[in-house]
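Report on the structure given below.
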Amino acid sequence: MTQTDPVKEHMLYFTKWKAALVLLVCALGVIYAAPNFLPSGTFPTEASYLPGKQINLGLDLRGGSHMLLEVDTDSVLRERYDALADTIRTDLRQEQIRNRPREATANGAEITILKPEDVEKAREIARAAEPNTELSGEGNNIHVTYNAVARKELIDRAIAQSLEVVRRRVDELGTTEPSIQRQGENRIVVQVPGLDDPSRLRAILGRTAKMNFHLVNNEKTAAEARATGLPPGTMILPAADASDKAAGIREYLIDRRIVVSGDNLVDSQPTFSDGRPVVSFRFDAAGGARFGDVTSKNAGRGLAIVLDGEVISAPRINEPILGGNGIITGQFSVQEANDLSLLLRAGALPAPMQILEERSVGPGLGQDSVEAGEIAAVLGLVFVIAFMVISYGRFGIYADIALMMNLILVLAVMSVLQATLTLPGIAGIVLTVGMAVDANVLIFERIREERRNGRTIINSIDAGYRSAMSTILDANITTLIAALVLFSFGSGPIKGFAVTLAIGIITSMFSAIWLTRLMISVWVKRSRPTELVL
Amino acid sequence: MKPLHLIPDDVNIPFLKFRKIFYIVSMALVLASAALFATKGLNFGIDFRGGILVEIKTEGPADISGLRDKLGSLGLGDVSIQEFGAADDVLIQLQRQDGDEKAQMAALAKVTEALGENVTIRRSELVGPKVGDELKEAGFYSVVISLLLIMIYIWFRFEWQFAVASVVALLHDVVITVGFFVITGVQFDLATLAAVLTVAGYSINDTVVVFDRIREYLRKFRKMEIPDLLDLSINSTLSRTTMTSFTTLLALIALFAFGGEAIRGFTMALIFGIVIGTYSSICVASPLLIVLRLKRKIPEAEEGQEAKA
């Protein structure tokens with residue numbers, strides 16, 4: 001050792017400002033952790049750096065629902081390519097180029113040109129039809145796709161719209177602090193704390209709620225069309241569960257053309273008609289005008305109300321409906337009528353969504369978990385504290401104080417960062433209780449050894465801290481690596497475990513090394529021990 | 001009062017003398033675990049398999065066989081029904097349904113309908129096939145990446161023999177912990193995977209402490225035979241090794257007994273892993289250094305520096 005200044009080199013020597021710094025960190029820890037032990041709302045919480053915030057409990061502890069949804073972006077592209085093919089075909093018709101459409105896929109619009117001599121010109125027309133497209137295809141086939149930028153824009157817009165619609169739907173449930181976020185390219189995470197019945201959330205998120213009005217075909221019934229072939233411009237749709245199946249109708253033959261679109265809806269409410277739950281709706285001016293027009297011209301025909309590809313009802317048009325108001329009848333329960341009007345109010349999703357994952361915890365279980373976690377943490381703490389005192393006497397008490405300080409620091413850091421505490425997170429804290437004393441065990445064991453080797457008390461303590469340092473660092477960094485990997489790969493609850501473990505490891509290095517050293521240093525200075533009971 | 005010394009101060013166990021026995025025991029455990037893993041396989045939870053889990057609370061003790069009949073007749077494939085921590089608490093699990101995400105949703109709806117109004121649904125989880133596969137992949141990568149990172153760190157801090165020995169010990173612990181899951185049939189889900197990774201971190205932590213001491217003694221006792229030096233290192237860190245394992249176990253036992261049913265599998269994995277990790281850092285990692293022919297190779301120049309430092 002190059003002996004520059006023996007006193008200042010000594011591990012037990014604390015400059016005033018260093019000691020003050022250690023105490024300051026402890027004080028800050030206590031202040032920032034304190035709100036967690038007081039009723040919530042004791043402090044105003046506007047400023048993010050001020051103490052007053054409590055730890056964020058995860059859904060598994062406070063109860064609530066987590067849903068991972070995937071937006072079917074393929075269907076967005078398919079629809080757009082369908083429209084693109086229509087545009088191109090209109091242009092081709094103007095130039096009298098005969099062509100045949102092919103089924104649009106998410107991979108592009110495809111058109112077959114019937115006469116080979118037209119192909120060159122048709123290609124030019126297709127190229128000019130819309131910007132940001134790319135042309136390919138061999139022989140008579142023309143294949144048009146959007147370029148990557150345009151595709152991304154389309155998808156981004158669809159997701160943004162979906163987020164908005166999902167937010168409106170969830171807000172209708174009236175829960176507090178729902179969180180709705182995009183994840184990755186085409187996914188949406190919905191977290192709704194404190195929800196008693198996740199099936200309601202499931203019901204309103206699982207539906208696209210695209211509602212359109214079509215005229216029922218008056219030439220044939222669906223059954224006849226199945227037997228003799230579809231008339232041009234028609235399609236067969238199934239009757240919905242909630243429709244009037246009493247009439248024995250399972251399928252409807254309807255015109256493809258949408259006469260009024262659900263986009264024109266401005267309001268919808270559940271109500272009653274003849275004592276049965278029904279859903280009322282109101283169109284905007286344009287929709288109302290079109291609705292009046294259609295109902296005037298088609299008296300006697302059926303008007304099919306199509307929701308997500310199923311016919312809810314197809315009442316006969318008896319008289320023109322001019323006010324832009326109407327009602328949907330069907331075999332609804334009160335709940336279903338409520339849900340349908342909610343969906344119509346919140347608007348349709350631009351594309352269907354699927355629920356990929358759902359995790360819901362009832363409030364009772366969350367509360368039980370918190371209580372169980374608290375008992376386990378306190379008992380674990382008591383066991384470890386007792387054992388440290390039995391094993392290391394006075395030094396054990398110092399280590400125990402550091403241990404409790406460590407817990408306070410973990411709570412404080414989590415409150416400041418607004419990290420989420422989950423059930424595995426509580427396990428992480430309990431595990432930290434066991435592992436946090438490791439640094440002190442390493443130091444104290446080393447001090448014992450140095451004493452046995454005949455060093456003085458002060459030298460032993462000094463050597464104990466000094467030589468344990470690199471070991472403590474190595475040991476903690478390896479655990480930290482595992483925690484960080486867990487954090488980046490894990491989902492919800494597991495992230496919570498990684499967070500508490502990582503924070504616990506870092507704060508324990510402070511409390512177990514610096515705080516115990518300060519305490520021991522004060523003790524040595526005050527009582528000048530001649531004997532070390534360790 | 002004289003503090004308790006868990007390990008006597010003058011402990012001197014000739015661990016290296018028994019190393020052949022340790023090798024055989026460890027080898028047998030590892031091979032058995034691997035064989036069980038290959039034949040019987042892990043009891044994957046719905047996180048990785050996809051499927052449905054519903055925890056319910058019934059009024060009064062649950063009628064398990066009645067529930068089994070009721071849910072078994074829904075035609076949803078394997079339905080597992082078990083008591084969960086209390087007589088009125090039941091855990092229902094359904095295998096992943098054929099078909100896509102919608103099929104899972106429909107099955108969950110059927111189950112909740114069949115359960116009726118008289119039970120409280122405490123928790124319901126549904127993992128679709130897509131997410132199940134993704135979680136499995138992410139889980140696999142997280143294990144591989146943390147092992148690699150830990151290995152790189154150790155390699156960076158120690159000679160290569162130490163890195164290899166510690167990683168072998170680590171793999172030993174991970175494999176045997178997985179074997180423990182196969183034997184007990186405890187469900188392997190995201191939480192237990194996290195436990196396995198924590199065991200990995202803990203195991204290496206334990207090993208590093210012993211290795212640090214070996215490195216120190218290699219410089220200090222230049223004449224000592226390597227096996228004696230290893231024994232001395234293990235013995236002088238033995239008190240710390242057992243103390244830390246003991247305090248960690250104390251905390252974990254509290255968690256196991258009182259932390260609730262939901263994290264019991266997770267805690268069990270940690271407890272087992274820590275016992276195995278402690279064994280391996282004493283009985284596997286250090287003796288392996290002999291197999292790897294650890295030598296003193298401090299060049300003269302560096303030696304001069306060491307003396308000054």
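FYI, nothing fancy with the structure tokens labels: chains A, B, ... in order, residues from 1 per chain, ligands from 1 as they appear.
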
Please provide the set of residues having any atom within 6 Å of segment 295-307 of chain A, restricted to only C-alpha atoms, with same-chain residues fewer than 2 positions apart removed, written as a list in words.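 Listed by chain and then number, they are Lys210, Met211, Asn212, Phe213, His214, Leu215, Val216, Gly292, Asp293, Gly309, Glu310, Val311, Ile312, Ser313, Ala314, Pro315, Arg316, Ile317, Asn318 and Pro320 of chain A.
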
Produce a file of the selected residues containing N, CA and C atoms, as a short mmCIF file (atom, residue, chain, number, x, y, z; two decimals), in the first residue's frame.
```cif
data_model
loop_
_atom_site.label_atom_id
_atom_site.label_comp_id
_atom_site.auth_asym_id
_atom_site.auth_seq_id
_atom_site.Cartn_x
_atom_site.Cartn_y
_atom_site.Cartn_z
N LYS A 210 -69.13 -2.83 -36.52
CA LYS A 210 -69.35 -2.13 -37.77
C LYS A 210 -70.81 -2.37 -38.14
N MET A 211 -71.62 -1.29 -38.14
CA MET A 211 -73.03 -1.46 -38.46
C MET A 211 -73.35 -0.76 -39.77
N ASN A 212 -74.03 -1.47 -40.68
CA ASN A 212 -74.44 -0.88 -41.95
C ASN A 212 -75.86 -1.30 -42.26
N PHE A 213 -76.52 -0.47 -43.07
CA PHE A 213 -77.87 -0.81 -43.50
C PHE A 213 -77.84 -1.23 -44.96
N HIS A 214 -78.44 -2.39 -45.25
CA HIS A 214 -78.53 -2.90 -46.62
C HIS A 214 -80.01 -3.18 -46.91
N LEU A 215 -80.35 -3.14 -48.20
CA LEU A 215 -81.70 -3.56 -48.56
C LEU A 215 -81.73 -5.07 -48.72
N VAL A 216 -82.82 -5.67 -48.26
CA VAL A 216 -82.99 -7.11 -48.47
C VAL A 216 -83.42 -7.31 -49.92
N GLY A 292 -83.85 8.79 -44.95
CA GLY A 292 -85.19 9.20 -45.35
C GLY A 292 -85.43 8.87 -46.82
N ASP A 293 -84.43 9.14 -47.63
CA ASP A 293 -84.52 8.89 -49.06
C ASP A 293 -84.76 7.41 -49.36
N GLY A 309 -71.16 -8.36 -39.97
CA GLY A 309 -71.39 -9.48 -40.90
C GLY A 309 -72.57 -10.36 -40.54
N GLU A 310 -73.37 -9.93 -39.53
CA GLU A 310 -74.56 -10.70 -39.20
C GLU A 310 -75.76 -9.77 -39.21
N VAL A 311 -76.89 -10.32 -39.64
CA VAL A 311 -78.09 -9.50 -39.70
C VAL A 311 -78.78 -9.52 -38.34
N ILE A 312 -78.85 -8.35 -37.68
CA ILE A 312 -79.52 -8.30 -36.37
C ILE A 312 -81.02 -8.33 -36.57
N SER A 313 -81.50 -7.53 -37.52
CA SER A 313 -82.93 -7.59 -37.81
C SER A 313 -83.13 -7.00 -39.20
N ALA A 314 -84.26 -7.34 -39.82
CA ALA A 314 -84.54 -6.86 -41.18
C ALA A 314 -86.00 -6.48 -41.28
N PRO A 315 -86.37 -5.39 -40.60
CA PRO A 315 -87.78 -5.01 -40.60
C PRO A 315 -88.24 -4.54 -41.98
N ARG A 316 -89.52 -4.75 -42.24
CA ARG A 316 -90.09 -4.27 -43.49
C ARG A 316 -90.27 -2.75 -43.40
N ILE A 317 -89.97 -2.03 -44.49
CA ILE A 317 -90.14 -0.58 -44.48
C ILE A 317 -91.61 -0.28 -44.76
N ASN A 318 -92.28 0.26 -43.74
CA ASN A 318 -93.70 0.53 -43.90
C ASN A 318 -93.95 1.96 -44.37
N PRO A 320 -91.83 6.08 -44.87
CA PRO A 320 -90.54 6.78 -44.84
C PRO A 320 -90.17 7.18 -43.42
#
```

Tell me as a ChimeraX atom specification which residues belonging to chain B come within 7 Å of chain A, counting only C-alpha atoms. /B:2-5,101,121-128,130-131,138,142,146,150,191,194,197-198,201-202,204-205,208-209,212,240,244,247-248,250-252,254-255,258-260,308-309

Which parts of segment 276-342 of chain A does DSSP call strand (DSSP E) when run on the backbone here, written out as a JSON list (two decimals) with C-alpha atoms, in the first residue's frame?
```
[["chain", "number", "residue", "atom", "x", "y", "z"],
["A", 276, "ARG", "CA", -88.73, -5.29, -24.67],
["A", 277, "PRO", "CA", -85.22, -3.87, -24.60],
["A", 278, "VAL", "CA", -84.32, -2.20, -27.89],
["A", 279, "VAL", "CA", -81.59, 0.11, -29.09],
["A", 280, "SER", "CA", -82.41, 3.54, -30.45],
["A", 281, "PHE", "CA", -80.10, 5.42, -32.80],
["A", 282, "ARG", "CA", -79.80, 8.82, -34.41],
["A", 283, "PHE", "CA", -78.07, 9.76, -37.66],
["A", 303, "LEU", "CA", -84.08, -3.13, -44.50],
["A", 304, "ALA", "CA", -81.33, -5.30, -43.05],
["A", 305, "ILE", "CA", -79.37, -3.96, -40.10],
["A", 306, "VAL", "CA", -76.00, -5.70, -40.40],
["A", 307, "LEU", "CA", -73.61, -5.75, -37.47],
["A", 310, "GLU", "CA", -74.56, -10.70, -39.20],
["A", 311, "VAL", "CA", -78.09, -9.50, -39.70],
["A", 312, "ILE", "CA", -79.52, -8.30, -36.37],
["A", 313, "SER", "CA", -82.93, -7.59, -37.81],
["A", 325, "ASN", "CA", -84.04, 8.38, -35.75],
["A", 326, "GLY", "CA", -84.77, 4.72, -35.54],
["A", 327, "ILE", "CA", -84.75, 1.72, -33.27],
["A", 328, "ILE", "CA", -83.22, -1.71, -33.60]]
```

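A straight line drawn from atom CA of Tyr217 of chain B to atom CA of Arg19 of chain B is 20.3 Å long.
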
Using DSSP assignments from the backbone, pull out every residue in segment 101-297 of chain A that falls under alpha helix (DSSP H) and give it to me as a PyMOL selection string. chain A and resi 119-129+148-172+198-205+222-228+285-297

Counting only C-alpha atoms, the option among B:Ala269, B:Val174, B:Ile92, B:Ala86 closest to Val186 of chain B: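 Between B:Ala269, B:Val174, B:Ile92, B:Ala86, the residue approaching Val186 of chain B most closely is B:Ala269.
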
Contact residues around segment 12-29 of chain A with only C-alpha atoms at 6 Å, ignoring same-chain residues under 2 positions, as an mmCIF file with C-alpha atoms, in the first residue's frame:
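Final output, saved to part05.cif:
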```
data_model
loop_
_atom_site.group_PDB
_atom_site.id
_atom_site.type_symbol
_atom_site.label_atom_id
_atom_site.label_comp_id
_atom_site.auth_asym_id
_atom_site.auth_seq_id
_atom_site.Cartn_x
_atom_site.Cartn_y
_atom_site.Cartn_z
ATOM 1 C CA HIS A 10 -8.609 4.092 6.524
ATOM 2 C CA ILE A 31 -39.310 10.812 3.544
ATOM 3 C CA TYR A 32 -40.084 9.296 0.152
ATOM 4 C CA ALA A 33 -41.155 5.944 1.585
ATOM 5 C CA LEU A 409 -34.950 2.643 0.382
ATOM 6 C CA ALA A 412 -38.724 4.982 -1.575
ATOM 7 C CA SER A 521 -17.005 3.870 12.797
#
```

What gap, in Å, lies between atom CA of Met151 of chain B and atom CA of Thr267 of chain B? 25.5 Å

Considering only C-alpha atoms, state which residue in the set A:Leu154, A:Val410, A:Val119, A:Ala286 is at the smallest distance from Asp263 of chain A.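 The answer is A:Ala286, which sits nearest to Asp263 of chain A.
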
Got a sec: who's within 12 Å of segment 109-111 of chain B, counting only C-alpha atoms, leaving out chain neighbours fewer than 3 positions off, as a PDB file with C-alpha atoms, in the first residue's frame?
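Output below, filename out_34.pdb:
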```
ATOM      1  CA  PRO A 198     -64.078  -8.944 -16.917  1.00  0.00           C
ATOM      2  CA  SER A 199     -66.656 -10.638 -19.137  1.00  0.00           C
ATOM      3  CA  ARG A 200     -68.209  -7.239 -19.786  1.00  0.00           C
ATOM      4  CA  ARG A 202     -64.353  -8.948 -23.045  1.00  0.00           C
ATOM      5  CA  ALA A 203     -67.772  -8.483 -24.646  1.00  0.00           C
TER       6      ALA A 203
ATOM      7  CA  ILE B  52     -57.378 -21.091 -19.624  1.00  0.00           C
ATOM      8  CA  LEU B  53     -57.123 -20.844 -15.870  1.00  0.00           C
ATOM      9  CA  VAL B  54     -59.932 -19.891 -13.524  1.00  0.00           C
ATOM     10  CA  GLU B  55     -59.657 -19.661  -9.763  1.00  0.00           C
ATOM     11  CA  ILE B  56     -62.967 -19.692  -7.954  1.00  0.00           C
ATOM     12  CA  LEU B  67     -67.334 -29.528 -10.715  1.00  0.00           C
ATOM     13  CA  ARG B  68     -65.372 -32.136 -12.628  1.00  0.00           C
ATOM     14  CA  LYS B  70     -70.070 -30.337 -14.844  1.00  0.00           C
ATOM     15  CA  LEU B  71     -67.015 -28.969 -16.651  1.00  0.00           C
ATOM     16  CA  GLY B  72     -65.944 -32.277 -18.103  1.00  0.00           C
ATOM     17  CA  SER B  73     -69.189 -32.528 -20.030  1.00  0.00           C
ATOM     18  CA  LEU B  74     -68.586 -29.257 -21.861  1.00  0.00           C
ATOM     19  CA  GLY B  75     -66.386 -30.983 -24.412  1.00  0.00           C
ATOM     20  CA  LEU B  76     -63.439 -28.676 -23.887  1.00  0.00           C
ATOM     21  CA  VAL B  79     -59.990 -30.048 -17.544  1.00  0.00           C
ATOM     22  CA  ILE B  92     -59.600 -24.903 -12.820  1.00  0.00           C
ATOM     23  CA  GLN B  93     -57.329 -25.267 -15.811  1.00  0.00           C
ATOM     24  CA  LEU B  94     -58.246 -26.015 -19.378  1.00  0.00           C
ATOM     25  CA  LYS B 102     -61.614 -16.958 -30.646  1.00  0.00           C
ATOM     26  CA  ALA B 103     -61.917 -20.612 -29.668  1.00  0.00           C
ATOM     27  CA  GLN B 104     -60.184 -19.857 -26.335  1.00  0.00           C
ATOM     28  CA  MET B 105     -62.549 -16.974 -25.693  1.00  0.00           C
ATOM     29  CA  ALA B 106     -65.578 -19.131 -26.413  1.00  0.00           C
ATOM     30  CA  ALA B 114     -71.349 -23.433 -16.447  1.00  0.00           C
ATOM     31  CA  LEU B 115     -69.965 -22.292 -13.089  1.00  0.00           C
ATOM     32  CA  GLY B 116     -73.060 -20.242 -12.532  1.00  0.00           C
ATOM     33  CA  GLU B 117     -73.809 -17.474 -10.081  1.00  0.00           C
ATOM     34  CA  VAL B 119     -69.213 -19.039  -7.175  1.00  0.00           C
ATOM     35  CA  ILE B 121     -64.372 -15.857  -9.811  1.00  0.00           C
ATOM     36  CA  SER B 124     -59.218 -15.779 -14.687  1.00  0.00           C
ATOM     37  CA  LEU B 126     -56.503 -16.803 -20.827  1.00  0.00           C
TER      38      LEU B 126
END
```
